[in-house]
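Asker: Input structure: final.cif, which contains mmCIF, C-alpha atoms and all ligand atoms.
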```
data_upload
loop_
_atom_site.label_atom_id
_atom_site.label_comp_id
_atom_site.auth_asym_id
_atom_site.auth_seq_id
_atom_site.Cartn_x
_atom_site.Cartn_y
_atom_site.Cartn_z
CA MET A 1 -10.63 -44.87 -7.66
CA ALA A 2 -12.74 -41.94 -8.89
CA ALA A 3 -10.80 -38.79 -9.75
CA SER A 4 -10.81 -36.27 -6.91
CA LEU A 5 -10.43 -32.57 -6.35
CA GLY A 6 -7.77 -31.45 -3.91
CA ILE A 7 -7.83 -28.46 -1.60
CA LEU A 8 -4.51 -27.04 -0.55
CA ASP A 9 -4.67 -27.38 3.22
CA LEU A 10 -1.86 -25.24 4.58
CA GLN A 11 -3.75 -22.10 5.60
CA GLY A 12 -7.04 -20.34 4.85
CA GLY A 13 -10.61 -21.33 4.04
CA VAL A 14 -10.28 -25.07 3.49
CA HIS A 15 -13.38 -26.47 5.22
CA GLU A 16 -15.84 -24.30 3.35
CA HIS A 17 -14.55 -25.58 0.01
CA LEU A 18 -14.65 -29.17 1.27
CA ASP A 19 -18.21 -28.66 2.41
CA HIS A 20 -19.36 -27.28 -0.96
CA LEU A 21 -17.72 -30.13 -2.86
CA HIS A 22 -19.25 -32.72 -0.51
CA ARG A 23 -22.67 -31.28 -1.23
CA LEU A 24 -21.98 -31.83 -4.91
CA GLY A 25 -20.89 -35.41 -4.29
CA VAL A 26 -17.35 -34.67 -5.52
CA PRO A 27 -14.57 -36.79 -3.93
CA THR A 28 -12.04 -34.55 -2.16
CA VAL A 29 -8.51 -34.76 -0.84
CA ARG A 30 -6.93 -32.39 1.69
CA VAL A 31 -3.53 -31.58 0.21
CA LYS A 32 -0.88 -31.11 2.87
CA LYS A 33 2.10 -32.79 1.21
CA ALA A 34 3.33 -33.67 -2.26
CA GLY A 35 2.00 -37.24 -2.15
CA ASP A 36 -1.56 -35.93 -1.69
CA LEU A 37 -1.48 -34.56 -5.25
CA ALA A 38 -1.39 -38.03 -6.83
CA GLY A 39 -4.29 -38.60 -9.20
CA LEU A 40 -6.00 -35.23 -8.65
CA CYS A 41 -7.80 -33.75 -11.63
CA GLY A 42 -8.03 -30.35 -9.97
CA LEU A 43 -6.69 -28.37 -7.03
CA ILE A 44 -8.31 -25.47 -5.19
CA ILE A 45 -5.94 -22.95 -3.65
CA PRO A 46 -8.16 -21.29 -1.05
CA GLY A 47 -8.38 -17.76 0.23
CA GLY A 48 -6.35 -16.79 3.25
CA GLU A 49 -3.20 -14.73 3.20
CA SER A 50 -1.07 -15.03 0.07
CA THR A 51 2.25 -14.14 1.76
CA CYS A 52 1.63 -16.76 4.41
CA LEU A 53 0.50 -19.39 1.90
CA ALA A 54 3.54 -18.67 -0.29
CA ARG A 55 5.87 -19.13 2.69
CA LEU A 56 4.20 -22.38 3.67
CA LEU A 57 4.45 -23.66 0.08
CA LYS A 58 8.20 -23.13 0.31
CA ILE A 59 8.59 -24.50 3.86
CA PHE A 60 6.70 -27.68 2.96
CA ASP A 61 8.43 -27.92 -0.41
CA MET A 62 5.13 -27.94 -2.27
CA GLU A 63 5.82 -25.52 -5.14
CA ARG A 64 7.62 -27.94 -7.42
CA PRO A 65 5.13 -30.83 -6.94
CA ILE A 66 2.20 -28.50 -7.64
CA LEU A 67 3.85 -27.17 -10.80
CA GLU A 68 4.63 -30.74 -11.88
CA ALA A 69 1.03 -31.92 -11.32
CA PHE A 70 -0.19 -28.83 -13.17
CA ARG A 71 2.03 -29.63 -16.15
CA ASN A 72 0.61 -33.15 -16.08
CA GLY A 73 -2.94 -31.83 -16.50
CA MET A 74 -4.21 -30.96 -13.01
CA LYS A 75 -6.42 -27.84 -13.23
CA ILE A 76 -6.19 -25.15 -10.58
CA TRP A 77 -8.77 -22.78 -9.09
CA GLY A 78 -7.39 -19.92 -7.02
CA THR A 79 -9.85 -18.03 -4.79
CA CYS A 80 -8.75 -14.62 -3.51
CA ALA A 81 -5.29 -15.25 -1.96
CA GLY A 82 -5.21 -18.35 -4.18
CA ALA A 83 -5.75 -16.10 -7.22
CA ILE A 84 -2.76 -14.00 -6.12
CA LEU A 85 -0.63 -17.15 -5.90
CA VAL A 86 -1.37 -18.25 -9.47
CA ALA A 87 -1.17 -14.81 -11.16
CA THR A 88 1.84 -14.08 -13.37
CA GLU A 89 1.97 -10.48 -12.08
CA ASN A 90 1.58 -9.38 -8.45
CA ILE A 91 1.82 -5.59 -8.68
CA GLY A 92 4.67 -4.17 -6.58
CA GLN A 93 5.69 -7.63 -5.38
CA ALA A 94 7.22 -10.80 -6.75
CA PRO A 95 4.81 -13.25 -8.37
CA HIS A 96 4.43 -16.73 -6.89
CA LEU A 97 3.42 -19.73 -9.03
CA GLY A 98 2.68 -17.61 -12.15
CA LEU A 99 0.26 -19.95 -13.92
CA VAL A 100 -2.30 -17.61 -15.52
CA GLU A 101 -1.58 -14.39 -17.32
CA VAL A 102 -3.32 -11.89 -15.07
CA ALA A 103 -2.04 -8.93 -13.05
CA VAL A 104 -3.38 -8.64 -9.49
CA GLN A 105 -3.32 -5.74 -7.07
CA ARG A 106 -3.45 -7.02 -3.50
CA ASN A 107 -5.85 -5.50 -0.94
CA ALA A 108 -7.19 -3.21 -3.65
CA PHE A 109 -10.49 -2.47 -1.89
CA GLY A 110 -8.96 -1.38 1.41
CA SER A 111 -8.95 -3.07 4.80
CA GLN A 112 -10.88 -6.06 6.11
CA LEU A 113 -13.68 -3.62 7.02
CA ASP A 114 -14.12 -2.79 3.34
CA SER A 115 -15.20 -6.36 2.64
CA PHE A 116 -18.56 -6.56 0.90
CA HIS A 117 -21.17 -8.74 -0.70
CA CYS A 118 -22.96 -8.35 -4.03
CA MET A 119 -24.74 -10.37 -6.73
CA ALA A 120 -23.70 -10.86 -10.34
CA THR A 121 -24.80 -12.81 -13.37
CA ILE A 122 -22.04 -14.85 -14.96
CA PRO A 123 -23.65 -16.65 -17.90
CA GLU A 124 -20.81 -19.17 -18.34
CA VAL A 125 -21.23 -20.32 -14.73
CA ALA A 126 -24.97 -20.20 -13.93
CA ARG A 127 -28.27 -18.91 -15.26
CA GLU A 128 -29.31 -17.21 -12.00
CA PRO A 129 -27.40 -14.36 -10.34
CA ILE A 130 -24.64 -15.63 -8.04
CA PRO A 131 -23.85 -14.15 -4.60
CA LEU A 132 -20.28 -12.89 -4.30
CA THR A 133 -18.35 -12.25 -1.10
CA PHE A 134 -15.19 -10.11 -1.26
CA ILE A 135 -12.91 -10.20 1.79
CA ARG A 136 -9.90 -7.91 1.67
CA ALA A 137 -9.78 -8.97 -1.93
CA PRO A 138 -7.30 -8.26 -4.69
CA LYS A 139 -8.40 -6.75 -8.01
CA ILE A 140 -7.41 -8.36 -11.27
CA VAL A 141 -6.39 -5.26 -13.19
CA ARG A 142 -5.29 -6.89 -16.47
CA ALA A 143 -5.83 -10.16 -18.24
CA GLY A 144 -3.41 -11.32 -20.89
CA HIS A 145 -3.63 -13.30 -24.06
CA GLY A 146 -5.73 -16.45 -23.88
CA VAL A 147 -7.49 -15.41 -20.67
CA ASN A 148 -11.27 -15.31 -20.78
CA VAL A 149 -12.83 -12.68 -18.51
CA LEU A 150 -15.87 -14.20 -16.76
CA LEU A 151 -16.85 -11.13 -14.71
CA ARG A 152 -15.84 -7.52 -14.94
CA ILE A 153 -17.13 -5.00 -12.35
CA ASP A 154 -16.35 -1.29 -12.61
CA ASP A 155 -12.60 -0.97 -13.24
CA TYR A 156 -11.54 -4.52 -12.40
CA ILE A 157 -11.91 -8.16 -13.34
CA ALA A 158 -13.39 -10.35 -10.62
CA ALA A 159 -13.27 -13.76 -12.32
CA ALA A 160 -11.30 -15.10 -15.27
CA GLU A 161 -9.95 -18.33 -16.65
CA ASN A 162 -7.85 -19.99 -19.27
CA GLU A 163 -7.94 -23.67 -20.23
CA GLU A 164 -6.12 -24.77 -17.10
CA VAL A 165 -6.74 -22.16 -14.41
CA LEU A 166 -9.78 -20.45 -12.90
CA VAL A 167 -9.34 -17.35 -10.75
CA THR A 168 -11.95 -15.60 -8.60
CA VAL A 169 -11.11 -12.69 -6.31
CA PHE A 170 -14.26 -13.40 -4.29
CA HIS A 171 -15.24 -16.41 -2.16
CA PRO A 172 -18.00 -18.65 -3.57
CA GLU A 173 -17.35 -21.07 -0.69
CA LEU A 174 -18.63 -18.46 1.78
CA THR A 175 -22.01 -18.21 0.07
CA PRO A 176 -24.82 -20.73 -0.38
CA SER A 177 -24.18 -20.96 -4.10
CA LEU A 178 -22.57 -24.12 -5.41
CA ALA A 179 -22.37 -22.74 -8.95
CA PHE A 180 -18.62 -22.08 -9.06
CA HIS A 181 -17.76 -25.42 -7.45
CA ARG A 182 -19.97 -27.17 -9.98
CA TYR A 183 -18.33 -25.16 -12.75
CA PHE A 184 -14.80 -26.02 -11.61
CA ALA A 185 -15.67 -29.70 -11.13
CA ARG A 186 -16.92 -29.80 -14.73
CA LYS A 187 -13.83 -27.97 -15.94
CA CYS A 188 -11.85 -30.81 -14.35
CA GLY A 189 -13.93 -33.40 -16.20
CA LEU A 190 -16.10 -34.47 -13.23
CA GLN A 191 -19.87 -34.85 -13.16
CA PRO A 192 -21.12 -33.11 -10.00
CA ALA A 193 -24.60 -33.73 -8.60
CA LYS A 194 -27.52 -32.12 -10.40
CA ALA A 195 -28.96 -28.87 -9.06
CA THR A 196 -32.12 -30.56 -7.72
CA GLU A 197 -30.12 -32.42 -5.07
CA THR A 198 -28.51 -29.26 -3.77
CA SER A 199 -31.01 -26.48 -4.40
CA ALA A 200 -32.61 -26.64 -0.93
CA TYR A 201 -29.23 -25.83 0.58
CA GLU A 202 -28.51 -23.17 -1.99
CA HIS A 203 -31.69 -21.30 -1.11
CA ASP A 204 -31.56 -21.74 2.65
CA TRP A 205 -28.67 -19.69 3.92
CA ASP A 206 -28.43 -16.69 6.24
CA ARG A 207 -26.32 -13.89 4.89
CA VAL A 208 -23.43 -12.89 7.09
CA SER A 209 -24.62 -9.69 8.69
CA TRP A 210 -21.33 -7.79 8.98
CA MET A 211 -20.89 -7.49 5.24
CA ARG A 212 -21.72 -4.33 3.42
CA HIS A 213 -24.13 -5.01 0.56
CA ALA A 214 -23.08 -3.51 -2.74
CA ARG A 215 -25.00 -2.97 -5.94
CA ILE A 216 -25.94 -5.74 -8.35
CA ALA A 217 -23.20 -6.25 -10.91
CA GLY A 218 -23.23 -7.88 -14.33
N1 LIG B 301 -5.65 -9.94 1.44
C1 LIG B 301 -5.24 -11.30 1.24
C2 LIG B 301 -3.90 -11.37 0.50
O1 LIG B 301 -3.46 -10.40 -0.06
C3 LIG B 301 -6.29 -12.11 0.48
C4 LIG B 301 -7.56 -12.18 1.29
C5 LIG B 301 -8.39 -13.39 1.04
O2 LIG B 301 -7.94 -14.42 0.54
N2 LIG B 301 -9.64 -13.28 1.43
O3 LIG B 301 -3.32 -12.40 0.49
#
```
Rewrite the structure from the file as structure tokens, please.
Ligand code: GLN
Answerer:
Amino acid sequence: MAASLGILDLQGGVHEHLDHLHRLGVPTVRVKKAGDLAGLCGLIIPGGESTCLARLLKIFDMERPILEAFRNGMKIWGTCAGAILVATENIGQAPHLGLVEVAVQRNAFGSQLDSFHCMATIPEVAREPIPLTFIRAPKIVRAGHGVNVLLRIDDYIAAAENEEVLVTVFHPELTPSLAFHRYFARKCGLQPAKATETSAYEHDWDRVSWMRHARIAG
């Protein structure tokens, strides 16, 4: 069986990630229990609510199996709440899985109404500017040893990675861009579909109107 990417399916934006990966032709697994982790080369921990996700991880006894799969080589991408779950420091609160040396400040932009959209160029990920959607996002305020900063905006880090973990405080799955999903799939050793097969979709998307548009970063 071809290696697959899993999406933690306990709470949050699961379908949007599934949809992006399907468009790239990447096999996916919805991860609801420990057995679903078998054979995954990567796991996406989606955005949602980190306190809720952390509780559900405990209730469904998923922490230990995720840490075990991670130690056995499964890569992890945390988006927004997912990034909070994998950070080693959660300012003012206890950390959760603690897999990448970054410090996060939850809800650092304000309330849900302070959500916004902007564009940024991230050369490691794509040649063209990528749309970014921030929804009641955390800020990464520090990155430790061995962490590569992919995008810094103003006083915070918006995307970073080490060998095993990718963190983004924004939501690529809520934009037309497949660039981050392609990037993560490659990080996990997969060969996603070429841009030509997906570009029509990537350029045919209506922006969500409620979002405030911010300046171009990067
Ligand atoms: N504010 C949420 C938290 O702290 C994260 C929001 C999101 O994932 N979009 O968990």
Asker: Of the candidates A:Gly98, A:Gly73, A:Pro131, A:Gly189, which shows the shortest atom-to-atom distance to Glu164 of chain A, using all atoms listed in the file?
Answerer: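 Distance minimum relative to Glu164 of chain A lands on A:Gly73.
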Asker: Taking all atoms listed in the file into account, list the residues no farther than 7 Å from ligand LIG 301 (chain B), as number ranges by chain.
Answerer: A: 47-51, 79-82, 84, 106-107, 134-138
Asker: Selected residues, C-alpha atoms, written as a PDB file, in the frame of the given file, please.
Answerer:
```pdb
ATOM      1  CA  GLY A  47      -8.380 -17.760   0.230  1.00  0.00           C
ATOM      2  CA  GLY A  48      -6.350 -16.790   3.250  1.00  0.00           C
ATOM      3  CA  GLU A  49      -3.200 -14.730   3.200  1.00  0.00           C
ATOM      4  CA  SER A  50      -1.070 -15.030   0.070  1.00  0.00           C
ATOM      5  CA  THR A  51       2.250 -14.140   1.760  1.00  0.00           C
ATOM      6  CA  THR A  79      -9.850 -18.030  -4.790  1.00  0.00           C
ATOM      7  CA  CYS A  80      -8.750 -14.620  -3.510  1.00  0.00           C
ATOM      8  CA  ALA A  81      -5.290 -15.250  -1.960  1.00  0.00           C
ATOM      9  CA  GLY A  82      -5.210 -18.350  -4.180  1.00  0.00           C
ATOM     10  CA  ILE A  84      -2.760 -14.000  -6.120  1.00  0.00           C
ATOM     11  CA  ARG A 106      -3.450  -7.020  -3.500  1.00  0.00           C
ATOM     12  CA  ASN A 107      -5.850  -5.500  -0.940  1.00  0.00           C
ATOM     13  CA  PHE A 134     -15.190 -10.110  -1.260  1.00  0.00           C
ATOM     14  CA  ILE A 135     -12.910 -10.200   1.790  1.00  0.00           C
ATOM     15  CA  ARG A 136      -9.900  -7.910   1.670  1.00  0.00           C
ATOM     16  CA  ALA A 137      -9.780  -8.970  -1.930  1.00  0.00           C
ATOM     17  CA  PRO A 138      -7.300  -8.260  -4.690  1.00  0.00           C
TER      18      PRO A 138
END
```
Asker: For each of A:Leu57, A:Tyr156, A:Ile7, A:Met74, take the minimum atom-to-atom distance to Gly39 of chain A, counting only C-alpha atoms, then give the residue where this is smallest.
Answerer: A:Met74
Asker: Work out how far apart atom CA of His20 of chain A and atom CA of His181 of chain A are and give it in Å to one decimal.
Answerer: 6.9 Å
Asker: Pick the closest to Leu18 of chain A from A:Cys118, A:Val31, A:Ala87, A:Leu151: which is it, counting only C-alpha atoms?
Answerer: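 Nearest candidate to Leu18 of chain A out of A:Cys118, A:Val31, A:Ala87, A:Leu151: A:Val31.
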Asker: List as a ChimeraX atom specification the protein and nucleic acid residues near Cys188 of chain A, meaning an atom at most 7 Å away when only C-alpha atoms are counted, but skip any in the same chain fewer than 4 places from it.
Answerer: /A:41-42,75,184
Asker: With distances taken over all atoms listed in the file, which residue among A:Pro65, A:Pro27, A:Pro192, A:Gly144 lies nearest Ala103 of chain A?
Answerer: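 Smallest separation from Ala103 of chain A among the options: A:Gly144.
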Asker: Is there a way to get, as a count of residues only, all residues within 7 Å of the point (-8.3, -28.6, -6.4) in file coordinates, counting all atoms listed in the file?
Answerer: 9
Asker: Between atom CA of Arg142 of chain A and atom CA of Val169 of chain A, what is the spacing in Å?
Answerer: 13.1 Å
Asker: So which one's closest to Leu40 of chain A, A:Val14, A:Leu85, A:Ala179, A:Ala69? Using all atoms listed in the file, please.
Answerer: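 Going through A:Val14, A:Leu85, A:Ala179, A:Ala69 one by one, the smallest distance to Leu40 of chain A is for A:Ala69.
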Asker: If I take atom CA of Val104 of chain A and atom CA of Ala143 of chain A, how far is one from the other in Å, to one decimal?
Answerer: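 According to the coordinates, atom CA of Val104 of chain A and atom CA of Ala143 of chain A are separated by 9.2 Å.
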Asker: Restricting the calculation to all atoms listed in the file, which member of A:His171, A:Ile59, A:Val147, A:Leu37 is positioned closest to Asn72 of chain A?
Answerer: A:Leu37
